[in-house]
>>> print(open('target_2.json').read())   # JSON, C-alpha atoms
[["chain", "number", "residue", "atom", "x", "y", "z"],
["O", 790, "MET", "CA", 157.15, -11.51, -55.32],
["O", 791, "THR", "CA", 157.10, -11.23, -51.54],
["O", 792, "PRO", "CA", 154.46, -13.39, -49.85],
["O", 793, "THR", "CA", 152.11, -11.52, -47.52],
["O", 794, "LEU", "CA", 149.94, -12.58, -44.58],
["O", 795, "ALA", "CA", 147.48, -9.75, -45.12],
["O", 796, "PRO", "CA", 144.17, -10.95, -46.58],
["O", 797, "ALA", "CA", 142.68, -9.52, -49.77],
["O", 798, "ALA", "CA", 139.93, -6.94, -49.29],
["O", 799, "ASP", "CA", 137.11, -9.47, -49.61],
["O", 800, "GLU", "CA", 138.77, -12.24, -47.57],
["O", 801, "PRO", "CA", 138.18, -12.59, -43.82],
["O", 802, "HIS", "CA", 141.12, -12.06, -41.44],
["O", 803, "VAL", "CA", 142.56, -15.32, -40.16],
["O", 804, "ALA", "CA", 143.27, -14.07, -36.64],
["O", 805, "PRO", "CA", 141.30, -11.71, -34.39],
["O", 806, "PRO", "CA", 142.76, -8.25, -33.61],
["O", 807, "GLY", "CA", 145.54, -8.17, -31.02],
["O", 808, "ASP", "CA", 147.69, -10.98, -29.68],
["O", 809, "LEU", "CA", 146.32, -14.48, -29.97],
["O", 810, "ALA", "CA", 147.26, -15.07, -26.33],
["O", 811, "ILE", "CA", 144.83, -12.40, -25.11],
["O", 812, "TRP", "CA", 142.00, -14.21, -26.92],
["O", 813, "PHE", "CA", 142.75, -17.46, -25.12],
["O", 814, "PHE", "CA", 142.80, -15.48, -21.87],
["O", 815, "ILE", "CA", 139.46, -13.85, -22.80],
["O", 816, "LEU", "CA", 137.92, -17.25, -23.60],
["O", 817, "ALA", "CA", 139.09, -18.60, -20.22],
["O", 818, "GLU", "CA", 137.55, -15.58, -18.48],
["O", 819, "LEU", "CA", 134.30, -16.01, -20.40],
["O", 820, "LEU", "CA", 134.19, -19.66, -19.36],
["O", 821, "ALA", "CA", 134.59, -18.69, -15.69],
["O", 822, "PHE", "CA", 131.77, -16.15, -15.97],
["O", 823, "ALA", "CA", 129.58, -18.71, -17.79],
["O", 824, "VAL", "CA", 129.93, -21.06, -14.80],
["O", 825, "PHE", "CA", 129.05, -18.19, -12.45],
["O", 826, "PHE", "CA", 126.00, -17.18, -14.50],
["O", 827, "ALA", "CA", 124.73, -20.76, -14.78],
["O", 828, "ALA", "CA", 125.23, -21.30, -11.03],
["O", 829, "TYR", "CA", 123.22, -18.13, -10.31],
["O", 830, "ALA", "CA", 120.42, -19.10, -12.72],
["O", 831, "PHE", "CA", 120.08, -22.65, -11.34],
["O", 832, "ALA", "CA", 120.30, -21.46, -7.72],
["O", 833, "ARG", "CA", 117.49, -19.03, -8.53],
["O", 834, "ALA", "CA", 115.48, -21.89, -10.08],
["O", 835, "LYS", "CA", 115.51, -23.62, -6.67],
["O", 836, "ASN", "CA", 114.10, -20.59, -4.86],
["O", 837, "PRO", "CA", 112.70, -18.00, -7.30],
["O", 838, "ALA", "CA", 110.58, -16.31, -4.62],
["O", 839, "LEU", "CA", 113.65, -15.42, -2.53],
["O", 840, "PHE", "CA", 115.56, -14.14, -5.55],
["O", 841, "ASP", "CA", 112.60, -12.05, -6.76],
["O", 842, "GLU", "CA", 112.11, -10.57, -3.30],
["O", 843, "MET", "CA", 115.79, -9.78, -2.80],
["O", 844, "GLN", "CA", 116.10, -8.33, -6.30],
["O", 845, "LEU", "CA", 113.66, -5.60, -5.22],
["O", 846, "THR", "CA", 116.25, -4.43, -2.67],
["O", 847, "LEU", "CA", 118.75, -3.72, -5.45],
["O", 848, "ASN", "CA", 119.03, -0.36, -7.20],
["O", 849, "ARG", "CA", 118.06, -1.17, -10.79],
["O", 850, "ASP", "CA", 118.67, 2.44, -11.87],
["O", 851, "ALA", "CA", 122.29, 2.11, -10.73],
["O", 852, "GLY", "CA", 122.60, -1.13, -12.72],
["O", 853, "ALA", "CA", 121.22, 0.54, -15.84],
["O", 854, "ILE", "CA", 123.46, 3.60, -15.42],
["O", 855, "ASN", "CA", 126.44, 1.28, -15.05],
["O", 856, "THR", "CA", 125.47, -0.54, -18.24],
["O", 857, "LEU", "CA", 125.34, 2.80, -20.08],
["O", 858, "LEU", "CA", 128.72, 3.79, -18.59],
["O", 859, "LEU", "CA", 130.37, 0.52, -19.68],
["O", 860, "ILE", "CA", 128.99, 0.55, -23.22],
["O", 861, "SER", "CA", 130.02, 4.21, -23.54],
["O", 862, "ALA", "CA", 133.51, 3.29, -22.34],
["O", 863, "SER", "CA", 133.62, 0.39, -24.81],
["O", 864, "TRP", "CA", 132.54, 2.67, -27.66],
["O", 865, "CYS", "CA", 135.26, 5.19, -26.72],
["O", 866, "VAL", "CA", 137.89, 2.43, -26.67],
["O", 867, "ALA", "CA", 136.69, 1.07, -30.05],
["O", 868, "ARG", "CA", 136.90, 4.60, -31.52],
["O", 869, "GLY", "CA", 140.37, 4.98, -29.99],
["O", 870, "VAL", "CA", 141.55, 1.81, -31.73],
["O", 871, "HIS", "CA", 139.93, 3.04, -34.95],
["O", 872, "ALA", "CA", 141.77, 6.37, -34.67],
["O", 873, "VAL", "CA", 145.09, 4.50, -34.70],
["O", 874, "VAL", "CA", 144.49, 1.64, -37.16],
["O", 875, "ALA", "CA", 142.42, 3.61, -39.69],
["O", 876, "ASN", "CA", 143.80, 7.15, -39.34],
["O", 877, "ASN", "CA", 147.17, 6.78, -37.57],
["O", 878, "ASP", "CA", 146.02, 9.54, -35.20],
["O", 879, "SER", "CA", 147.49, 8.84, -31.76],
["O", 880, "ALA", "CA", 146.48, 12.20, -30.28],
["O", 881, "ARG", "CA", 142.83, 11.55, -31.07],
["O", 882, "ALA", "CA", 143.14, 7.94, -29.85],
["O", 883, "SER", "CA", 144.43, 9.12, -26.48],
["O", 884, "ARG", "CA", 141.40, 11.41, -26.10],
["O", 885, "TRP", "CA", 139.05, 8.52, -26.90],
["O", 886, "LEU", "CA", 140.85, 6.32, -24.38],
["O", 887, "LEU", "CA", 140.49, 9.05, -21.77],
["O", 888, "GLY", "CA", 136.74, 8.88, -22.45],
["O", 889, "GLY", "CA", 136.93, 5.13, -21.90],
["O", 890, "LEU", "CA", 138.71, 5.68, -18.58],
["O", 891, "ALA", "CA", 136.03, 8.18, -17.53],
["O", 892, "GLY", "CA", 133.30, 5.62, -18.28],
["O", 893, "GLY", "CA", 135.11, 2.89, -16.36],
["O", 894, "GLY", "CA", 135.78, 5.25, -13.45],
["O", 895, "GLY", "CA", 132.11, 6.23, -13.39],
["O", 896, "PHE", "CA", 131.17, 2.54, -13.23],
["O", 897, "LEU", "CA", 133.44, 1.99, -10.22],
["O", 898, "VAL", "CA", 132.02, 5.03, -8.39],
["O", 899, "VAL", "CA", 128.39, 3.93, -8.94],
["O", 900, "LYS", "CA", 129.25, 0.37, -7.89],
["O", 901, "LEU", "CA", 131.00, 1.61, -4.73],
["O", 902, "PHE", "CA", 127.85, 3.57, -3.79],
["O", 903, "GLU", "CA", 125.83, 0.38, -4.33],
["O", 904, "TYR", "CA", 128.20, -1.64, -2.14],
["O", 905, "ALA", "CA", 128.18, 1.07, 0.54],
["O", 906, "HIS", "CA", 124.39, 0.86, 0.67],
["O", 907, "VAL", "CA", 124.33, -2.97, 0.73],
["O", 908, "PHE", "CA", 127.02, -3.32, 3.38],
["O", 909, "GLY", "CA", 125.52, -0.40, 5.32],
["O", 910, "GLU", "CA", 122.37, -2.49, 5.66],
["O", 911, "GLY", "CA", 124.45, -5.16, 7.37],
["O", 912, "ILE", "CA", 124.24, -7.51, 4.39],
["O", 913, "THR", "CA", 127.08, -10.00, 3.99],
["O", 914, "LEU", "CA", 127.89, -13.05, 1.86],
["O", 915, "SER", "CA", 126.10, -15.24, 4.40],
["O", 916, "THR", "CA", 122.87, -13.20, 4.53],
["O", 917, "ASN", "CA", 121.19, -15.50, 1.98],
["O", 918, "THR", "CA", 121.85, -17.32, -1.31],
["O", 919, "PHE", "CA", 120.85, -14.32, -3.41],
["O", 920, "TYR", "CA", 123.28, -11.97, -1.72],
["O", 921, "MET", "CA", 126.02, -14.60, -1.73],
["O", 922, "PHE", "CA", 125.74, -14.64, -5.52],
["O", 923, "TYR", "CA", 125.12, -10.91, -5.90],
["O", 924, "ILE", "CA", 128.18, -9.89, -3.89],
["O", 925, "SER", "CA", 130.56, -12.53, -5.27],
["O", 926, "LEU", "CA", 129.46, -12.23, -8.90],
["O", 927, "THR", "CA", 129.44, -8.43, -9.04],
["O", 928, "PHE", "CA", 132.69, -8.20, -7.05],
["O", 929, "PHE", "CA", 134.39, -10.67, -9.41],
["O", 930, "HIS", "CA", 133.31, -8.41, -12.27],
["O", 931, "PHE", "CA", 134.33, -5.29, -10.29],
["O", 932, "MET", "CA", 137.88, -6.64, -10.04],
["O", 933, "HIS", "CA", 137.92, -7.16, -13.81],
["O", 934, "VAL", "CA", 136.89, -3.54, -14.33],
["O", 935, "ILE", "CA", 139.77, -2.41, -12.09],
["O", 936, "LEU", "CA", 142.22, -4.52, -14.12],
["O", 937, "GLY", "CA", 140.68, -3.12, -17.31],
["O", 938, "MET", "CA", 141.21, 0.42, -15.98],
["O", 939, "VAL", "CA", 144.88, -0.33, -15.32],
["O", 940, "ILE", "CA", 145.24, -1.64, -18.88],
["O", 941, "LEU", "CA", 143.41, 1.38, -20.33],
["O", 942, "THR", "CA", 145.68, 3.73, -18.36],
["O", 943, "VAL", "CA", 148.76, 2.06, -19.86],
["O", 944, "LEU", "CA", 147.23, 2.23, -23.36],
["O", 945, "TRP", "CA", 146.35, 5.89, -22.83],
["O", 946, "ALA", "CA", 149.93, 6.71, -21.76],
["O", 947, "GLN", "CA", 151.31, 4.79, -24.74],
["O", 948, "THR", "CA", 149.04, 6.52, -27.26],
["O", 949, "ARG", "CA", 150.07, 9.90, -25.80],
["O", 950, "LYS", "CA", 153.65, 8.93, -26.67],
["O", 951, "GLY", "CA", 152.55, 7.86, -30.14],
["O", 952, "VAL", "CA", 153.76, 4.29, -29.62],
["O", 953, "TYR", "CA", 151.03, 2.65, -31.72],
["O", 954, "THR", "CA", 150.76, 2.83, -35.50],
["O", 955, "PRO", "CA", 148.49, 1.00, -37.97],
["O", 956, "ASP", "CA", 151.30, -1.52, -38.49],
["O", 957, "SER", "CA", 152.06, -1.89, -34.79],
["O", 958, "ALA", "CA", 148.85, -1.79, -32.79],
["O", 959, "ASN", "CA", 148.82, -5.28, -31.27],
["O", 960, "GLY", "CA", 149.11, -4.04, -27.69],
["O", 961, "LEU", "CA", 146.33, -1.50, -28.17],
["O", 962, "GLU", "CA", 144.03, -4.03, -29.81],
["O", 963, "SER", "CA", 144.75, -6.65, -27.14],
["O", 964, "GLY", "CA", 143.94, -4.26, -24.29],
["O", 965, "ALA", "CA", 140.81, -3.09, -26.08],
["O", 966, "ALA", "CA", 139.63, -6.69, -26.59],
["O", 967, "TYR", "CA", 139.99, -7.32, -22.84],
["O", 968, "TRP", "CA", 137.98, -4.19, -22.04],
["O", 969, "HIS", "CA", 135.19, -5.22, -24.43],
["O", 970, "MET", "CA", 135.07, -8.63, -22.70],
["O", 971, "VAL", "CA", 134.44, -6.84, -19.39],
["O", 972, "ASP", "CA", 131.61, -4.91, -21.08],
["O", 973, "LEU", "CA", 130.20, -8.06, -22.70],
["O", 974, "VAL", "CA", 129.98, -9.85, -19.35],
["O", 975, "TRP", "CA", 128.13, -6.93, -17.72],
["O", 976, "ILE", "CA", 125.64, -6.86, -20.61],
["O", 977, "VAL", "CA", 124.60, -10.40, -19.55],
["O", 978, "LEU", "CA", 124.91, -9.75, -15.81],
["O", 979, "PHE", "CA", 122.60, -6.71, -15.72],
["O", 980, "PRO", "CA", 119.41, -8.41, -17.03],
["O", 981, "LEU", "CA", 120.20, -11.66, -15.20],
["O", 982, "VAL", "CA", 120.59, -10.09, -11.74],
["O", 983, "TYR", "CA", 118.68, -6.79, -11.91],
["O", 984, "VAL", "CA", 115.82, -7.43, -14.37],
["O", 985, "MET", "CA", 114.84, -11.11, -14.73],
["O", 986, "ARG", "CA", 111.87, -12.10, -12.51],
["A", 1148, "MET", "CA", 146.71, -5.44, -41.82],
["A", 1149, "ASN", "CA", 144.32, -4.89, -38.92],
["A", 1150, "PRO", "CA", 140.60, -5.62, -39.13],
["A", 1151, "ILE", "CA", 138.94, -2.20, -39.35],
["A", 1152, "ILE", "CA", 135.31, -1.47, -38.49],
["A", 1153, "PRO", "CA", 134.15, 1.83, -40.05],
["A", 1154, "ALA", "CA", 133.57, 4.64, -37.52],
["A", 1155, "ARG", "CA", 129.92, 5.03, -38.53],
["A", 1156, "LYS", "CA", 129.31, 1.34, -37.74],
["A", 1157, "LEU", "CA", 130.85, 1.82, -34.30],
["A", 1158, "ASP", "CA", 128.61, 4.85, -33.71],
["A", 1159, "LEU", "CA", 125.53, 2.95, -34.91],
["A", 1160, "ALA", "CA", 126.36, 0.00, -32.64],
["A", 1161, "PHE", "CA", 126.72, 2.40, -29.70],
["A", 1162, "ALA", "CA", 123.35, 4.04, -30.43],
["A", 1163, "ILE", "CA", 121.63, 0.64, -30.64],
["A", 1164, "LEU", "CA", 123.28, -0.49, -27.40],
["A", 1165, "VAL", "CA", 122.05, 2.64, -25.59],
["A", 1166, "VAL", "CA", 118.47, 2.18, -26.86],
["A", 1167, "ALA", "CA", 118.50, -1.57, -26.03],
["A", 1168, "THR", "CA", 119.79, -0.83, -22.51],
["A", 1169, "ILE", "CA", 117.03, 1.72, -21.88],
["A", 1170, "ILE", "CA", 114.42, -0.79, -23.14],
["A", 1171, "THR", "CA", 115.90, -3.49, -20.85],
["A", 1172, "TRP", "CA", 115.68, -1.07, -17.91],
["A", 1173, "LEU", "CA", 112.05, -0.21, -18.80],
["A", 1174, "ILE", "CA", 111.23, -3.93, -18.99],
["A", 1175, "GLY", "CA", 112.63, -4.28, -15.47],
["A", 1176, "GLU", "CA", 110.49, -1.40, -14.18],
["A", 1177, "TRP", "CA", 107.36, -2.88, -15.76],
["A", 1178, "TRP", "CA", 108.09, -6.47, -14.81],
["A", 1179, "GLU", "CA", 108.29, -5.57, -11.12],
["A", 1180, "GLY", "CA", 104.52, -5.12, -10.95],
["A", 1181, "HIS", "CA", 103.55, -8.12, -13.07],
["A", 1182, "ASP", "CA", 103.60, -11.88, -12.79],
["A", 1183, "VAL", "CA", 106.01, -14.10, -14.70],
["A", 1184, "LEU", "CA", 105.50, -13.62, -18.41],
["A", 1185, "LEU", "CA", 107.43, -15.79, -20.85],
["A", 1186, "PRO", "CA", 107.19, -13.34, -23.79],
["A", 1187, "VAL", "CA", 108.82, -10.66, -21.61],
["A", 1188, "MET", "CA", 111.61, -13.04, -20.70],
["A", 1189, "ALA", "CA", 112.05, -13.96, -24.37],
["A", 1190, "GLY", "CA", 112.14, -10.28, -25.34],
["A", 1191, "MET", "CA", 114.73, -9.47, -22.67],
["A", 1192, "LEU", "CA", 116.97, -12.36, -23.72],
["A", 1193, "THR", "CA", 116.65, -11.39, -27.39],
["A", 1194, "LEU", "CA", 117.68, -7.83, -26.54],
["A", 1195, "THR", "CA", 120.62, -9.16, -24.54],
["A", 1196, "PHE", "CA", 121.72, -11.32, -27.47],
["A", 1197, "ILE", "CA", 121.47, -8.36, -29.88],
["A", 1198, "LYS", "CA", 123.56, -6.20, -27.53],
["A", 1199, "CYS", "CA", 126.21, -8.90, -27.16],
["A", 1200, "ARG", "CA", 126.33, -9.42, -30.91],
["A", 1201, "PHE", "CA", 127.08, -5.73, -31.55],
["A", 1202, "VAL", "CA", 129.84, -5.70, -28.93],
["A", 1203, "ILE", "CA", 131.39, -8.86, -30.40],
["A", 1204, "LEU", "CA", 131.14, -7.99, -34.09],
["A", 1205, "ASP", "CA", 131.81, -4.24, -34.01],
["A", 1206, "PHE", "CA", 133.58, -3.25, -30.77],
["A", 1207, "MET", "CA", 135.69, -6.42, -30.60],
["A", 1208, "ALA", "CA", 136.12, -6.08, -34.39],
["A", 1209, "LEU", "CA", 135.39, -9.75, -35.05],
["A", 1210, "ARG", "CA", 133.03, -9.00, -37.97],
["A", 1211, "PRO", "CA", 135.77, -9.19, -40.63],
["A", 1212, "VAL", "CA", 137.53, -12.13, -38.91],
["A", 1213, "LYS", "CA", 137.20, -15.83, -39.80],
["A", 1214, "PHE", "CA", 133.97, -17.41, -38.61],
["A", 1215, "PHE", "CA", 135.71, -19.57, -36.01],
["A", 1216, "TRP", "CA", 136.48, -16.62, -33.71],
["A", 1217, "ARG", "CA", 133.07, -15.01, -34.12],
["A", 1218, "GLY", "CA", 131.48, -18.42, -33.64],
["A", 1219, "VAL", "CA", 133.32, -19.14, -30.40],
["A", 1220, "VAL", "CA", 132.38, -15.84, -28.73],
["A", 1221, "ILE", "CA", 128.81, -15.73, -30.06],
["A", 1222, "GLY", "CA", 128.56, -19.41, -29.11],
["A", 1223, "TRP", "CA", 129.47, -18.41, -25.54],
["A", 1224, "VAL", "CA", 126.58, -15.92, -25.51],
["A", 1225, "LEU", "CA", 124.15, -18.54, -26.86],
["A", 1226, "LEU", "CA", 125.35, -21.11, -24.33],
["A", 1227, "VAL", "CA", 124.96, -18.73, -21.38],
["A", 1228, "LEU", "CA", 121.56, -17.44, -22.51],
["A", 1229, "GLY", "CA", 120.46, -21.03, -23.21],
["A", 1230, "LEU", "CA", 121.41, -22.14, -19.69],
["A", 1231, "ILE", "CA", 119.64, -19.11, -18.18],
["A", 1232, "THR", "CA", 116.52, -19.97, -20.22],
["A", 1233, "LEU", "CA", 116.64, -23.60, -19.11],
["A", 1234, "ALA", "CA", 116.98, -22.64, -15.44],
["A", 1235, "TYR", "CA", 114.17, -20.11, -15.83],
["A", 1236, "LEU", "CA", 111.83, -22.71, -17.35],
["A", 1237, "ILE", "CA", 112.65, -25.12, -14.50],
["A", 1238, "SER", "CA", 111.75, -22.40, -11.97],
["A", 1239, "LEU", "CA", 108.28, -21.87, -13.40],
["A", 1240, "PRO", "CA", 105.41, -23.17, -11.24]]
>>> encode(input="target_2.json", output="structure tokens")
Amino acid sequence: MTPTLAPAADEPHVAPPGDLAIWFFILAELLAFAVFFAAYAFARAKNPALFDEMQLTLNRDAGAINTLLLISASWCVARGVHAVVANNDSARASRWLLGGLAGGGGFLVVKLFEYAHVFGEGITLSTNTFYMFYISLTFFHFMHVILGMVILTVLWAQTRKGVYTPDSANGLESGAAYWHMVDLVWIVLFPLVYVMR
Amino acid sequence: MNPIIPARKLDLAFAILVVATIITWLIGEWWEGHDVLLPVMAGMLTLTFIKCRFVILDFMALRPVKFFWRGVVIGWVLLVLGLITLAYLISLP
């Protein structure tokens, strides 16, 4: 009898989906964001009045729309992975991934409008502590969204070629896990920066 | 064999995430005209935790994976939200 690494139906999987290496990368990224979030929260604790006042200058609607765009993109990517691993349907997966790209692209456009407004007001990193954190934290995340978009574009092109199958979907699952990490971080960032008072 | 989350669970997670995001946004709109209120903060953090949990378990497909991996990522959320709570409590007058 040939031994198998696949778990029985009622047993949990030993490893997460995708390459193990991407999960160590994701954990390192999460750690970096955790430091950023904690630094923001404790800097705010020193001067809550300034942070509350400056928060009012942000566009909360844009932050909420961006949250909806990222979770929609994440949902599309998750459905794209499902289309391959559950149904072996690459054509459908590529359409879902295109939806994910649209959501990510929408996020970047909204964020660029936000930055245009902020920088148009003459605000810079040295304006005050709040804006130092706002610009650096959101820009750090912005760069992750751009990298995520590059990854999604590659995954989309690969699914169009039918590269991934249920037995060979590591690359797709790894890229999807990275994208969900970007979404996860924004889900914490939005209430922390735009809502908490 | 890949961990598979049923499509209907993914759709349900998405619907809950949309509703939770709209509630978070409404909390922000309301909070702007009110003084610091700890129950509001607690509610917002709870919603954030619920949203993170759905992304981790369903979108990241960690629900059917060994507890270690779920524990590490959910532990990250708890750590971050815990530090935010601590800083918030320190900031109170």
>>> closest_atom_pairs(input="target_2.json", of="range 830-867 of chain O", to="range 918-925 of chain O", cutoff="8 Å", atoms="all atoms listed in the file", output="CSV")
residue,atom,partner,partner_atom,distance
O:Ala832,CA,O:Thr918,CA,7.8
O:Arg833,CA,O:Phe919,CA,7.7
O:Leu839,CA,O:Phe919,CA,7.3
O:Phe840,CA,O:Phe919,CA,5.7
O:Met843,CA,O:Phe919,CA,6.8
>>> atom_distance(input="target_2.json", atom1="CA of Ala882 in chain O", atom2="CA of Thr948 in chain O")
6.6 Å
>>> closest_atom_pairs(input="target_2.json", of="chain A", to="chain O", cutoff="6 Å", atoms="all atoms listed in the file", output="tab-separated table")
residue	atom	partner	partner_atom	distance
A:Met1148	CA	O:Ala795	CA	5.5
A:Gly1175	CA	O:Val984	CA	4.6
A:Phe1206	CA	O:Ala867	CA	5.4
A:Met1207	CA	O:Ala966	CA	5.6
A:Pro1211	CA	O:Pro801	CA	5.2
A:Val1212	CA	O:His802	CA	4.4
A:Lys1213	CA	O:Pro801	CA	5.3
A:Val1227	CA	O:Ala823	CA	5.9
A:Ile1231	CA	O:Ala830	CA	5.5
A:Ala1234	CA	O:Phe831	CA	5.1
A:Ser1238	CA	O:Ala834	CA	4.2
>>> atom_distance(input="target_2.json", atom1="CA of Ala1208 in chain A", atom2="CA of Gly895 in chain O")
24.7 Å
>>> atom_distance(input="target_2.json", atom1="CA of Val934 in chain O", atom2="CA of Val971 in chain O")
6.5 Å
>>> closest_residue(input="target_2.json", among="A:Pro1186, A:Lys1198, A:Ile1221, A:Trp1216", to="Ile1169 in chain A", atoms="all atoms listed in the file")
A:Lys1198
>>> closest_residue(input="target_2.json", among="O:Val982, O:Ala891, O:Gly964, O:Ile912", to="Leu809 in chain O", atoms="all atoms listed in the file")
O:Gly964
>>> closest_residue(input="target_2.json", among="A:Leu1185, A:Val1220, A:Ile1152, A:Ile1163", to="Leu1236 in chain A", atoms="all atoms listed in the file")
A:Leu1185
>>> closest_residue(input="target_2.json", among="A:Leu1184, A:Leu1228, A:Ile1170, A:Leu1233", to="Phe1196 in chain A", atoms="all atoms listed in the file")
A:Leu1228
>>> closest_residue(input="target_2.json", among="A:Ala1160, A:Leu1209, A:Met1191, A:Ala1154", to="Trp1172 in chain A", atoms="only C-alpha atoms")
A:Met1191
>>> closest_residue(input="target_2.json", among="O:Trp945, O:Phe931, O:Phe908, O:Phe902", to="Gly869 in chain O", atoms="all atoms listed in the file")
O:Trp945
>>> axis_aligned_box(input="target_2.json", around="range 862-870 of chain O", padding_each_side="6 Å", output="JSON")
{"center_x": 137.0, "center_y": 2.8, "center_z": -27.0, "size_x": 21.0, "size_y": 16.8, "size_z": 21.4}
